[in-house]
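Structure below is structure-v3.cif: mmCIF, C-alpha atoms.
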```cif
data_input
#
loop_
_atom_site.label_atom_id
_atom_site.label_comp_id
_atom_site.auth_asym_id
_atom_site.auth_seq_id
_atom_site.Cartn_x
_atom_site.Cartn_y
_atom_site.Cartn_z
CA MET A 1 19.49 -11.38 16.28
CA LYS A 2 22.26 -9.18 17.66
CA MET A 3 21.08 -6.05 19.51
CA THR A 4 23.45 -3.12 20.07
CA LYS A 5 22.44 0.00 21.94
CA ILE A 6 24.08 2.90 20.10
CA TYR A 7 22.56 5.80 22.05
CA GLU A 8 21.28 5.99 25.57
CA GLY A 9 19.79 9.23 26.87
CA ASN A 10 16.17 10.09 27.64
CA TYR A 11 15.50 7.66 24.83
CA GLN A 12 17.47 4.98 23.03
CA TRP A 13 18.74 3.99 19.61
CA ILE A 14 19.13 0.25 19.17
CA MET A 15 20.67 -1.49 16.19
CA TYR A 16 19.48 -5.00 15.28
CA GLY A 17 21.31 -7.16 12.80
CA ARG A 18 23.62 -10.08 12.11
CA ASP A 19 20.72 -12.55 12.31
CA PRO A 20 22.41 -16.00 12.43
CA ASN A 21 19.23 -17.71 11.18
CA LYS A 22 18.85 -15.54 8.09
CA PRO A 23 18.36 -17.60 4.89
CA ASP A 24 21.71 -17.76 3.04
CA LYS A 25 20.80 -16.07 -0.21
CA ILE A 26 19.20 -12.91 1.16
CA ILE A 27 21.30 -9.86 1.95
CA ASP A 28 22.07 -9.12 5.60
CA THR A 29 20.48 -5.92 6.87
CA ASN A 30 20.70 -3.59 9.86
CA GLN A 31 17.47 -2.46 11.45
CA TYR A 32 17.33 0.48 13.84
CA VAL A 33 14.84 1.33 16.55
CA VAL A 34 14.34 4.63 18.32
CA ARG A 35 12.68 3.89 21.66
CA THR A 36 11.20 6.75 23.67
CA ALA A 37 9.27 6.44 26.94
CA ASN A 38 6.07 5.40 25.17
CA ARG A 39 6.77 5.28 21.43
CA CYS A 40 8.90 3.22 19.17
CA LEU A 41 10.08 3.89 15.61
CA LEU A 42 11.35 1.05 13.43
CA ILE A 43 13.77 2.30 10.78
CA ASP A 44 13.92 0.13 7.63
CA PRO A 45 12.25 -2.80 9.42
CA GLY A 46 13.41 -5.32 6.81
CA GLY A 47 12.16 -8.01 4.48
CA VAL A 48 9.48 -10.63 5.00
CA GLU A 49 12.03 -13.21 6.11
CA LEU A 50 13.21 -10.92 8.86
CA PHE A 51 9.81 -10.04 10.29
CA ALA A 52 9.64 -12.73 12.99
CA PRO A 53 13.19 -12.35 14.34
CA MET A 54 12.89 -8.57 14.18
CA LEU A 55 9.59 -8.32 16.06
CA ALA A 56 10.76 -10.94 18.56
CA ALA A 57 13.86 -8.80 19.17
CA VAL A 58 11.89 -5.56 19.51
CA LEU A 59 9.57 -7.18 22.09
CA HIS A 60 12.55 -7.13 24.46
CA HIS A 61 12.33 -3.32 24.40
CA ALA A 62 8.75 -2.34 23.62
CA PRO A 63 5.23 -3.76 23.76
CA VAL A 64 3.40 -4.12 20.45
CA ASP A 65 1.03 -1.19 21.05
CA GLU A 66 3.97 1.18 21.62
CA ILE A 67 5.50 0.40 18.22
CA THR A 68 3.83 3.42 16.68
CA ASP A 69 5.93 4.37 13.67
CA LEU A 70 7.77 2.74 10.78
CA PHE A 71 10.14 4.44 8.38
CA ALA A 72 11.18 3.11 4.98
CA SER A 73 14.18 4.86 3.42
CA HIS A 74 13.10 3.60 0.01
CA GLN A 75 11.10 0.86 -1.70
CA ASP A 76 13.46 -2.12 -1.86
CA PRO A 77 12.27 -5.53 -0.59
CA ASP A 78 15.09 -5.82 1.97
CA ILE A 79 13.88 -2.52 3.44
CA ILE A 80 10.16 -3.02 3.74
CA SER A 81 8.73 -6.16 2.12
CA SER A 82 7.62 -7.09 5.65
CA LEU A 83 5.08 -4.23 5.48
CA GLY A 84 2.09 -6.55 5.00
CA LEU A 85 2.94 -8.33 8.25
CA TRP A 86 3.53 -5.14 10.24
CA ASP A 87 0.21 -3.98 8.82
CA GLN A 88 -1.49 -6.91 10.59
CA ALA A 89 0.60 -6.67 13.76
CA LEU A 90 0.39 -2.86 14.20
CA PRO A 91 -2.91 -1.71 12.72
CA HIS A 92 -2.66 1.73 14.37
CA ALA A 93 0.91 2.51 13.35
CA LYS A 94 2.12 5.05 10.77
CA LEU A 95 4.46 4.35 7.89
CA HIS A 96 6.68 7.30 6.95
CA ALA A 97 7.90 6.76 3.40
CA ALA A 98 8.33 8.66 0.15
CA GLY A 99 5.09 9.91 -1.36
CA LEU A 100 6.58 8.91 -4.69
CA TRP A 101 6.68 5.26 -3.64
CA GLU A 102 3.21 5.01 -2.08
CA GLY A 103 1.51 3.21 -4.95
CA PHE A 104 4.42 0.78 -5.14
CA LEU A 105 4.83 0.09 -1.42
CA ARG A 106 1.14 -0.66 -1.03
CA HIS A 107 1.75 -3.79 -3.11
CA PHE A 108 3.34 -5.27 0.02
CA GLY A 109 0.00 -4.87 1.85
CA CYS A 110 -0.92 -1.67 3.66
CA ASP A 111 -4.60 -1.74 4.62
CA SER A 112 -4.52 -0.65 8.26
CA ILE A 113 -1.29 1.26 8.73
CA GLN A 114 -1.50 4.98 7.96
CA TYR A 115 0.81 5.89 5.07
CA VAL A 116 2.42 9.26 5.82
CA PRO A 117 3.92 10.43 2.51
CA ILE A 118 7.27 12.23 2.71
CA GLN A 119 7.68 15.06 0.22
CA ASP A 120 10.85 15.35 -1.85
CA ASN A 121 12.34 17.99 0.47
CA GLY A 122 12.07 15.71 3.55
CA GLY A 123 10.33 16.55 6.81
CA VAL A 124 10.24 15.38 10.42
CA ILE A 125 9.10 12.40 12.42
CA ASN A 126 7.69 13.54 15.70
CA LEU A 127 7.78 10.91 18.43
CA GLY A 128 6.45 13.25 21.13
CA SER A 129 9.54 13.85 23.22
CA VAL A 130 11.88 13.34 20.26
CA GLU A 131 11.85 14.93 16.83
CA LEU A 132 13.86 13.36 14.02
CA GLN A 133 14.74 15.04 10.75
CA ILE A 134 14.08 13.33 7.43
CA ILE A 135 16.98 14.19 5.13
CA PRO A 136 16.62 13.80 1.34
CA ALA A 137 19.15 11.44 -0.23
CA HIS A 138 17.54 11.03 -3.63
CA TYR A 139 19.21 8.78 -6.20
CA LEU A 140 21.42 7.30 -3.48
CA HIS A 141 20.44 4.83 -4.62
CA SER A 142 16.69 5.01 -5.06
CA SER A 143 14.99 7.83 -6.97
CA ALA A 144 13.04 8.82 -3.84
CA ASN A 145 15.34 8.11 -0.93
CA PHE A 146 15.64 9.48 2.60
CA ASN A 147 17.96 9.39 5.62
CA ILE A 148 17.07 10.11 9.24
CA TYR A 149 19.05 12.52 11.36
CA ASP A 150 18.75 12.79 15.11
CA PRO A 151 20.37 16.08 16.19
CA GLN A 152 20.27 15.14 19.88
CA ALA A 153 21.82 11.68 19.56
CA LYS A 154 23.95 12.93 16.62
CA ILE A 155 23.14 9.83 14.63
CA LEU A 156 22.55 9.80 10.88
CA PHE A 157 20.76 6.74 9.58
CA SER A 158 22.15 6.76 6.05
CA GLY A 159 20.28 3.89 4.36
CA ASP A 160 22.39 2.32 1.61
CA ILE A 161 25.01 5.08 1.82
CA GLY A 162 27.96 3.68 3.73
CA ALA A 163 26.76 0.13 3.21
CA ALA A 164 29.15 -2.78 2.90
CA LEU A 165 28.62 -6.46 2.23
CA GLU A 166 29.99 -8.29 5.22
CA SER A 167 30.04 -11.73 6.79
CA PRO A 168 27.22 -12.33 9.30
CA ASP A 169 29.64 -12.26 12.25
CA ALA A 170 31.28 -8.93 11.33
CA PRO A 171 31.64 -6.33 14.12
CA VAL A 172 29.00 -3.60 14.14
CA PHE A 173 31.47 -0.67 13.94
CA VAL A 174 34.24 -0.02 11.43
CA ASP A 175 37.55 -0.56 13.24
CA ASN A 176 39.95 -0.08 10.33
CA PHE A 177 38.64 2.37 7.76
CA ASP A 178 41.31 1.65 5.12
CA ALA A 179 40.63 -2.07 5.29
CA HIS A 180 36.91 -1.39 5.09
CA ILE A 181 37.09 0.58 1.83
CA GLU A 182 37.18 -2.44 -0.47
CA LYS A 183 34.04 -3.83 1.15
CA MET A 184 32.18 -0.65 0.17
CA ARG A 185 33.69 0.37 -3.15
CA TYR A 186 31.79 -1.74 -5.68
CA PHE A 187 28.53 -1.41 -3.74
CA HIS A 188 28.67 2.39 -3.99
CA GLN A 189 30.00 2.57 -7.53
CA ARG A 190 27.39 0.18 -8.89
CA TRP A 191 24.30 0.99 -6.81
CA MET A 192 24.69 4.76 -6.67
CA PRO A 193 23.86 6.23 -10.07
CA SER A 194 24.65 9.93 -9.79
CA ASN A 195 27.82 11.87 -8.95
CA GLN A 196 25.73 15.04 -8.83
CA ALA A 197 23.38 13.51 -6.24
CA LYS A 198 26.36 12.21 -4.29
CA ARG A 199 28.01 15.68 -4.14
CA ALA A 200 24.74 17.35 -3.06
CA TRP A 201 24.28 14.76 -0.29
CA VAL A 202 27.87 15.06 0.97
CA GLU A 203 27.57 18.83 1.09
CA ARG A 204 24.31 18.63 3.02
CA VAL A 205 25.56 16.01 5.46
CA ARG A 206 28.82 17.84 6.17
CA SER A 207 26.75 20.56 7.82
CA LEU A 208 25.30 18.06 10.32
CA ASP A 209 26.94 17.23 13.62
CA ILE A 210 27.30 13.44 13.41
CA ASP A 211 28.77 11.02 15.94
CA ILE A 212 27.50 7.85 14.28
CA LEU A 213 26.72 7.22 10.62
CA ALA A 214 24.50 4.15 10.56
CA PRO A 215 23.96 2.38 7.21
CA GLN A 216 21.45 -0.35 6.45
CA HIS A 217 24.09 -2.97 5.57
CA GLY A 218 27.46 -3.67 7.12
CA ARG A 219 29.19 -1.66 9.83
CA MET A 220 28.47 1.72 11.37
CA PHE A 221 30.99 4.57 11.36
CA LYS A 222 31.76 6.61 14.45
CA GLY A 223 33.96 9.53 15.38
CA ASN A 224 36.58 10.41 12.76
CA ASP A 225 35.50 7.56 10.51
CA VAL A 226 32.37 9.56 9.67
CA LYS A 227 34.49 12.32 8.10
CA ARG A 228 36.77 9.72 6.49
CA PHE A 229 33.73 8.13 4.89
CA LEU A 230 32.41 11.47 3.59
CA ASP A 231 35.82 12.32 2.09
CA TRP A 232 36.12 8.89 0.49
CA PHE A 233 32.59 8.93 -0.90
CA GLU A 234 32.96 12.45 -2.23
CA SER A 235 35.95 11.46 -4.35
CA LEU A 236 34.45 8.18 -5.56
CA GLN A 237 33.18 7.94 -9.13
CA VAL A 238 29.76 6.32 -9.06
CA GLY A 239 27.35 5.12 -11.75
CA ILE A 240 29.98 2.90 -13.35
CA ALA A 241 27.65 0.59 -15.27
CA VAL A 242 27.17 3.05 -18.13
CA MET B 243 -3.73 -23.91 5.28
CA HIS B 244 -0.42 -24.99 3.75
CA VAL B 245 1.54 -23.25 1.00
CA SER B 246 0.69 -25.97 -1.57
CA GLN B 247 -3.00 -25.59 -0.75
CA HIS B 248 -2.78 -21.85 -1.27
CA LYS B 249 -1.02 -22.49 -4.54
CA SER B 250 -3.78 -24.82 -5.73
CA GLN B 251 -6.38 -22.31 -4.57
CA PHE B 252 -4.73 -19.50 -6.58
CA VAL B 253 -4.42 -21.77 -9.63
CA ALA B 254 -8.02 -22.95 -9.32
CA VAL B 255 -9.40 -19.41 -9.06
CA ALA B 256 -7.24 -18.24 -11.98
CA SER B 257 -8.29 -21.19 -14.15
CA ILE B 258 -11.96 -20.49 -13.38
CA ALA B 259 -11.46 -16.92 -14.61
CA ALA B 260 -9.80 -18.23 -17.79
CA GLU B 261 -12.59 -20.76 -18.48
CA LEU B 262 -15.25 -18.13 -17.84
CA SER B 263 -13.65 -15.75 -20.27
CA ALA B 264 -13.74 -18.55 -22.88
CA VAL B 265 -17.44 -19.19 -22.08
CA MET B 266 -18.11 -15.50 -22.66
CA GLU B 267 -16.44 -15.63 -26.08
CA VAL B 268 -18.47 -18.67 -27.07
CA ALA B 269 -21.71 -17.08 -25.88
CA LYS B 270 -20.91 -14.08 -28.05
CA GLU B 271 -20.35 -16.43 -30.98
CA ILE B 272 -23.80 -17.95 -30.38
CA SER B 273 -25.27 -14.48 -30.38
CA LEU B 274 -23.59 -13.79 -33.71
CA ALA B 275 -24.79 -17.12 -35.09
CA ALA B 276 -28.34 -16.17 -34.04
CA ALA B 277 -28.11 -12.86 -35.91
CA ASN B 278 -26.72 -14.66 -38.94
CA ALA B 279 -29.50 -17.29 -38.80
CA LYS B 280 -32.11 -14.58 -38.53
CA ALA B 281 -30.82 -12.94 -41.71
CA ILE B 282 -30.79 -16.26 -43.57
CA ALA B 283 -34.25 -17.18 -42.29
CA PHE B 284 -35.54 -13.79 -43.40
CA ARG B 285 -34.16 -14.31 -46.90
CA ALA B 286 -35.52 -17.87 -47.01
CA GLY B 287 -39.00 -16.52 -46.21
CA GLU B 288 -41.72 -19.20 -46.17
CA LYS B 289 -39.18 -21.99 -46.61
CA ALA B 290 -37.62 -21.24 -43.22
CA LYS B 291 -40.73 -20.13 -41.40
CA GLY B 292 -40.17 -22.67 -38.60
CA PHE B 293 -36.63 -21.46 -38.20
CA GLN B 294 -37.42 -17.82 -37.45
CA PRO B 295 -38.69 -18.19 -33.86
CA ILE B 296 -35.76 -20.52 -33.18
CA THR B 297 -33.27 -17.74 -34.01
CA ASP B 298 -34.89 -15.47 -31.40
CA PHE B 299 -34.68 -18.28 -28.93
CA ILE B 300 -30.97 -18.83 -29.67
CA ASN B 301 -30.34 -15.13 -29.20
CA GLU B 302 -32.14 -15.15 -25.84
CA LEU B 303 -30.07 -18.10 -24.68
CA ALA B 304 -26.85 -16.35 -25.67
CA LYS B 305 -27.92 -13.20 -23.81
CA GLU B 306 -28.86 -15.21 -20.74
CA THR B 307 -25.50 -16.99 -20.79
CA ILE B 308 -23.59 -13.71 -21.11
CA GLU B 309 -25.51 -12.22 -18.18
CA LEU B 310 -24.93 -15.29 -16.03
CA VAL B 311 -21.23 -15.35 -16.86
CA ASN B 312 -20.94 -11.65 -15.99
CA ASN B 313 -22.42 -12.39 -12.56
CA ILE B 314 -20.18 -15.38 -12.11
CA ASN B 315 -17.16 -13.31 -13.09
CA GLU B 316 -17.93 -10.86 -10.29
CA HIS B 317 -18.15 -13.77 -7.92
CA ALA B 318 -14.88 -15.25 -9.19
CA LEU B 319 -13.20 -11.85 -8.67
CA LYS B 320 -14.44 -11.79 -5.07
CA LEU B 321 -13.10 -15.30 -4.65
CA TYR B 322 -9.72 -14.18 -5.95
CA ARG B 323 -9.60 -11.21 -3.57
CA LEU B 324 -10.56 -13.47 -0.68
CA THR B 325 -7.80 -15.88 -1.68
CA VAL B 326 -5.25 -13.03 -1.51
CA ILE B 327 -6.53 -11.80 1.88
CA GLU B 328 -6.74 -15.29 3.28
CA TYR B 329 -3.20 -16.03 2.09
CA ARG B 330 -1.94 -12.85 3.78
CA MET B 331 -3.81 -13.68 6.99
CA SER B 332 -2.45 -17.22 7.06
CA GLU B 333 1.05 -15.87 6.50
CA ALA B 334 0.54 -13.34 9.30
CA CYS B 335 -0.64 -16.10 11.67
CA ARG B 336 2.32 -18.28 10.76
CA ARG B 337 4.84 -15.46 11.27
CA PHE B 338 3.19 -14.23 14.49
CA GLU B 339 3.34 -17.77 15.87
CA SER B 340 7.03 -17.80 15.00
CA VAL B 341 7.48 -14.47 16.85
CA ALA B 342 5.70 -15.96 19.89
CA VAL B 343 8.14 -18.89 19.97
CA ARG B 344 11.21 -16.71 19.44
CA SER B 345 10.20 -14.05 21.96
CA ALA B 346 9.14 -16.42 24.75
CA ASN B 347 11.58 -14.82 27.19
CA ALA B 348 11.12 -11.23 26.00
CA THR B 349 9.77 -8.65 28.45
CA TYR B 350 6.82 -7.74 26.23
CA ALA B 351 6.21 -11.17 24.65
CA THR B 352 2.58 -11.35 25.76
CA THR B 353 1.66 -8.06 24.05
CA LEU B 354 1.57 -9.86 20.70
CA LYS B 355 -1.40 -11.96 21.75
CA GLN B 356 -4.03 -9.47 20.58
CA SER B 357 -2.51 -9.19 17.10
CA LEU B 358 -2.26 -12.98 16.81
CA ASP B 359 -5.87 -13.46 17.96
CA ASN B 360 -7.07 -10.81 15.49
CA ALA B 361 -5.14 -12.37 12.61
CA ARG B 362 -6.52 -15.82 13.41
CA GLN B 363 -10.03 -14.39 13.61
CA ARG B 364 -9.68 -12.66 10.24
CA ARG B 365 -8.16 -15.77 8.66
CA ASN B 366 -11.06 -17.90 9.92
CA ASP B 367 -13.59 -15.31 8.69
CA CYS B 368 -11.93 -15.39 5.26
CA GLN B 369 -12.04 -19.17 5.16
CA ARG B 370 -15.76 -19.16 6.03
CA GLN B 371 -16.52 -16.48 3.43
CA PHE B 372 -14.47 -18.38 0.88
CA ALA B 373 -16.43 -21.59 1.46
CA ARG B 374 -19.71 -19.67 1.12
CA HIS B 375 -18.60 -18.06 -2.16
CA VAL B 376 -17.48 -21.42 -3.56
CA SER B 377 -20.94 -22.92 -2.85
CA GLU B 378 -22.65 -19.93 -4.46
CA LEU B 379 -20.36 -20.10 -7.45
CA LEU B 380 -21.05 -23.81 -7.90
CA ALA B 381 -24.78 -23.07 -7.91
CA GLN B 382 -24.33 -20.29 -10.47
CA LEU B 383 -22.26 -22.57 -12.70
CA ALA B 384 -25.06 -25.11 -12.55
CA ASP B 385 -27.37 -22.34 -13.82
CA VAL B 386 -25.14 -21.76 -16.85
CA MET B 387 -25.48 -25.43 -17.74
CA HIS B 388 -29.25 -24.95 -18.32
CA PRO B 389 -29.06 -22.59 -21.31
CA ALA B 390 -26.22 -24.70 -22.72
CA ARG B 391 -28.42 -27.81 -22.53
CA ALA B 392 -31.36 -25.91 -24.01
CA ALA B 393 -29.13 -24.69 -26.84
CA ARG B 394 -28.34 -28.29 -27.76
CA VAL B 395 -32.07 -29.14 -27.95
CA ILE B 396 -32.63 -26.05 -30.07
CA ALA B 397 -29.77 -27.07 -32.32
CA ALA B 398 -31.48 -30.44 -32.89
CA ASN B 399 -34.76 -28.67 -33.74
CA SER B 400 -32.88 -26.29 -36.01
CA ARG B 401 -31.53 -29.19 -38.01
CA ILE B 402 -35.07 -30.49 -38.58
CA GLU B 403 -36.32 -27.05 -39.62
CA ALA B 404 -33.27 -26.53 -41.82
CA SER B 405 -34.02 -29.74 -43.72
CA GLN B 406 -37.17 -28.08 -45.06
CA ALA B 407 -35.49 -24.86 -46.17
CA GLY B 408 -34.61 -25.91 -49.70
CA GLU B 409 -31.57 -24.07 -51.05
CA TYR B 410 -31.00 -22.60 -47.60
CA LEU B 411 -30.53 -26.04 -46.11
CA GLN B 412 -26.73 -25.84 -45.91
CA SER B 413 -26.58 -22.35 -44.41
CA LEU B 414 -29.14 -23.14 -41.75
CA GLN B 415 -27.56 -26.48 -41.00
CA ALA B 416 -24.25 -24.68 -40.50
CA VAL B 417 -25.98 -22.37 -37.99
CA ALA B 418 -27.43 -25.35 -36.16
CA GLU B 419 -24.02 -26.96 -36.15
CA SER B 420 -22.29 -23.90 -34.74
CA VAL B 421 -24.89 -23.50 -31.97
CA ASP B 422 -24.49 -27.15 -31.10
CA ASN B 423 -20.69 -26.89 -30.99
CA ALA B 424 -20.82 -23.72 -28.93
CA ALA B 425 -23.21 -25.29 -26.44
CA GLN B 426 -20.92 -28.29 -26.13
CA ILE B 427 -17.89 -26.03 -25.52
CA ILE B 428 -19.77 -24.08 -22.85
CA HIS B 429 -20.80 -27.32 -21.21
CA ASP B 430 -17.18 -28.54 -21.14
CA LYS B 431 -15.77 -25.23 -19.86
CA VAL B 432 -18.33 -24.98 -17.10
CA HIS B 433 -17.60 -28.57 -16.18
CA LYS B 434 -13.90 -27.65 -15.85
CA CYS B 435 -14.80 -24.70 -13.61
CA ARG B 436 -16.81 -26.99 -11.37
CA SER B 437 -13.95 -29.47 -11.21
CA ALA B 438 -11.50 -26.69 -10.29
CA LEU B 439 -13.86 -25.53 -7.54
CA SER B 440 -14.27 -29.01 -6.15
CA VAL B 441 -10.46 -29.19 -5.81
CA ILE B 442 -10.67 -26.12 -3.56
CA ASN B 443 -13.58 -27.65 -1.67
CA THR B 444 -11.55 -30.69 -0.68
CA ASP B 445 -8.88 -28.30 0.66
CA GLU B 446 -11.21 -26.89 3.32
#
```

Representation of the structure as structure tokens:
Amino acid sequence: MKMTKIYEGNYQWIMYGRDPNKPDKIIDTNQYVVRTANRCLLIDPGGVELFAPMLAAVLHHAPVDEITDLFASHQDPDIISSLGLWDQALPHAKLHAAGLWEGFLRHFGCDSIQYVPIQDNGGVINLGSVELQIIPAHYLHSSANFNIYDPQAKILFSGDIGAALESPDAPVFVDNFDAHIEKMRYFHQRWMPSNQAKRAWVERVRSLDIDILAPQHGRMFKGNDVKRFLDWFESLQVGIAV
Amino acid sequence: MHVSQHKSQFVAVASIAAELSAVMEVAKEISLAAANAKAIAFRAGEKAKGFQPITDFINELAKETIELVNNINEHALKLYRLTVIEYRMSEACRRFESVAVRSANATYATTLKQSLDNARQRRNDCQRQFARHVSELLAQLADVMHPARAARVIAANSRIEASQAGEYLQSLQAVAESVDNAAQIIHDKVHKCRSALSVINTDE
């Protein structure tokens, strides 16, 4: 699995993805890790099939007992169907996920991990030396859906917003925004149901200082491409299936 | 344990639950037949005097069967839960072993050992508990066979008593017939449960 360090300060952000051994018919995903001196947060740790390569990759950066927190942006299987395995591997960890999804997510197996329900208006994830903001992104696409914003690293983990379906060897950053648009268009129009939710999210996110917008599929956006993405998304009609 | 073995374990436990639910229905039918027989015997009076204590006996057997099946159902439910946990533990072991292979050169590779050991321990505990529950369930199923066998003997006696009940002969014979059929069905269902369990036993 490819590992890309996207922030290096007193702590690190690492992106994991482009697993060459991923079974063909499952969607490729990006996983993110925030590594502090003695804690580790896994952001959208992935599906069951990805558990072994993901944990093996994380063990390059953190020991098992320092993987203390998991975050699930929403309830989809590619986000968190590995929960039952993390539950066995990290019995003392916390899962930060929507309160609304608790009864559903527990179907994946959550006996030992502490479920920390996120309220609709978001919250924070405190990793001791680092505090991350949980930003509501409801209906984009899931009914209870959250992003993570790190004001120090200026990274917004945006979940499915900004996602694109790419080949497994695609670069990790967008290098030609115009060429990238067609890889995102249908995904956003079909998966995102609400123009109202989209406008509210864009307005909220415009007020954040963002260097990197990091989605759960496809390439990340940095620098001016973040604004380009927000402008493009704002003008896009979504919810096209009805 | 392999995936196909888990599959057969899930199927076996589910089929036991299905058979038990059928046994319960049949036991309830016997209970109803007993009440029906009692009413007929009451109307027949002296002519069905020998039949009256038999109806009480049939009712007792039905009650006993229902109680036994209730207990067995609880056991089968535990077996199902254990199957789910054991499946999850086996999956965890398999995936953790895969992590160990993949992370052989990782800085913190050895830190997974505790989780792997714990998962193996829990999986082995589950397998032991499962084997114990299967043995207990087999014994309980053997217990259900007893009232079913007794019901068949009673059905034979009922036929003899019915033959002396004059105009009530047909009604009481029908009762004896239905008890006999029900007992046979219970016997067959329980036999299927035991067969399903023995499939799991060979998987150990």

- Which distance in Å separates atom CA of B:Cys435 and atom CA of B:Ile258, to one decimal?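 Computing it gives 5.1 Å between the two atoms.
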
- Message: Please expand the PyMOL selection byres ((chain B) within 12 of (chain A)) into the concrete residues it hits in this file, giving the result as a ChimeraX atom specification.
- Response: /B:326-327,329-365

Once you have the residues from the selection above, write them out as a CSV table (one decimal), keeping the file's coordinate frame, restricted to C-alpha atoms.
```
chain,number,residue,atom,x,y,z
B,326,VAL,CA,-5.2,-13.0,-1.5
B,327,ILE,CA,-6.5,-11.8,1.9
B,329,TYR,CA,-3.2,-16.0,2.1
B,330,ARG,CA,-1.9,-12.8,3.8
B,331,MET,CA,-3.8,-13.7,7.0
B,332,SER,CA,-2.4,-17.2,7.1
B,333,GLU,CA,1.0,-15.9,6.5
B,334,ALA,CA,0.5,-13.3,9.3
B,335,CYS,CA,-0.6,-16.1,11.7
B,336,ARG,CA,2.3,-18.3,10.8
B,337,ARG,CA,4.8,-15.5,11.3
B,338,PHE,CA,3.2,-14.2,14.5
B,339,GLU,CA,3.3,-17.8,15.9
B,340,SER,CA,7.0,-17.8,15.0
B,341,VAL,CA,7.5,-14.5,16.8
B,342,ALA,CA,5.7,-16.0,19.9
B,343,VAL,CA,8.1,-18.9,20.0
B,344,ARG,CA,11.2,-16.7,19.4
B,345,SER,CA,10.2,-14.0,22.0
B,346,ALA,CA,9.1,-16.4,24.8
B,347,ASN,CA,11.6,-14.8,27.2
B,348,ALA,CA,11.1,-11.2,26.0
B,349,THR,CA,9.8,-8.6,28.4
B,350,TYR,CA,6.8,-7.7,26.2
B,351,ALA,CA,6.2,-11.2,24.6
B,352,THR,CA,2.6,-11.4,25.8
B,353,THR,CA,1.7,-8.1,24.0
B,354,LEU,CA,1.6,-9.9,20.7
B,355,LYS,CA,-1.4,-12.0,21.8
B,356,GLN,CA,-4.0,-9.5,20.6
B,357,SER,CA,-2.5,-9.2,17.1
B,358,LEU,CA,-2.3,-13.0,16.8
B,359,ASP,CA,-5.9,-13.5,18.0
B,360,ASN,CA,-7.1,-10.8,15.5
B,361,ALA,CA,-5.1,-12.4,12.6
B,362,ARG,CA,-6.5,-15.8,13.4
B,363,GLN,CA,-10.0,-14.4,13.6
B,364,ARG,CA,-9.7,-12.7,10.2
B,365,ARG,CA,-8.2,-15.8,8.7
```

- Can you pull out every residue within 6 Å of stretch 418-423 of chain B, counting only C-alpha atoms, but drop anything in the same chain fewer than 3 positions away, and send it as a list in words?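 Once the nearby chain positions are removed, what remains is Ile272, Arg394, Ala397, Ser400, Arg401, Gln415 and Gln426 of chain B.
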
- Given the PyMOL selection byres ((chain A and resi 196-210) around 6), the residues it picks as a ChimeraX atom specification: /A:154-155,194-195,211-212

On this file, the PyMOL selection byres ((chain B and resi 411) around 12) gives some set of residues; write that set as a PDB file with C-alpha atoms, keeping the file's coordinate frame.
```pdb
ATOM      1  CA  ALA B 279     -29.500 -17.290 -38.800  1.00  0.00           C
ATOM      2  CA  ILE B 282     -30.790 -16.260 -43.570  1.00  0.00           C
ATOM      3  CA  ALA B 283     -34.250 -17.180 -42.290  1.00  0.00           C
ATOM      4  CA  ALA B 286     -35.520 -17.870 -47.010  1.00  0.00           C
ATOM      5  CA  LYS B 289     -39.180 -21.990 -46.610  1.00  0.00           C
ATOM      6  CA  ALA B 290     -37.620 -21.240 -43.220  1.00  0.00           C
ATOM      7  CA  PHE B 293     -36.630 -21.460 -38.200  1.00  0.00           C
ATOM      8  CA  SER B 400     -32.880 -26.290 -36.010  1.00  0.00           C
ATOM      9  CA  ARG B 401     -31.530 -29.190 -38.010  1.00  0.00           C
ATOM     10  CA  ILE B 402     -35.070 -30.490 -38.580  1.00  0.00           C
ATOM     11  CA  GLU B 403     -36.320 -27.050 -39.620  1.00  0.00           C
ATOM     12  CA  ALA B 404     -33.270 -26.530 -41.820  1.00  0.00           C
ATOM     13  CA  SER B 405     -34.020 -29.740 -43.720  1.00  0.00           C
ATOM     14  CA  GLN B 406     -37.170 -28.080 -45.060  1.00  0.00           C
ATOM     15  CA  ALA B 407     -35.490 -24.860 -46.170  1.00  0.00           C
ATOM     16  CA  GLY B 408     -34.610 -25.910 -49.700  1.00  0.00           C
ATOM     17  CA  GLU B 409     -31.570 -24.070 -51.050  1.00  0.00           C
ATOM     18  CA  TYR B 410     -31.000 -22.600 -47.600  1.00  0.00           C
ATOM     19  CA  GLN B 412     -26.730 -25.840 -45.910  1.00  0.00           C
ATOM     20  CA  SER B 413     -26.580 -22.350 -44.410  1.00  0.00           C
ATOM     21  CA  LEU B 414     -29.140 -23.140 -41.750  1.00  0.00           C
ATOM     22  CA  GLN B 415     -27.560 -26.480 -41.000  1.00  0.00           C
ATOM     23  CA  ALA B 416     -24.250 -24.680 -40.500  1.00  0.00           C
ATOM     24  CA  VAL B 417     -25.980 -22.370 -37.990  1.00  0.00           C
ATOM     25  CA  ALA B 418     -27.430 -25.350 -36.160  1.00  0.00           C
ATOM     26  CA  GLU B 419     -24.020 -26.960 -36.150  1.00  0.00           C
TER      27      GLU B 419
END
```

- Residues within 12 Å of (25.8, -1.7, 23.0), file coords, all atoms listed in the file, listed as a ChimeraX atom specification: /A:2-8,12-16,171-173

- Item | Point-to-point distance in Å for atom CA of A:Leu95 and atom CA of A:Phe71 |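 Computed distance, atom CA of A:Phe71 to atom CA of A:Leu95, equals 5.7 Å.
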
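Atom CA of A:Ile26 is found 20.2 Å from atom CA of A:Leu42.
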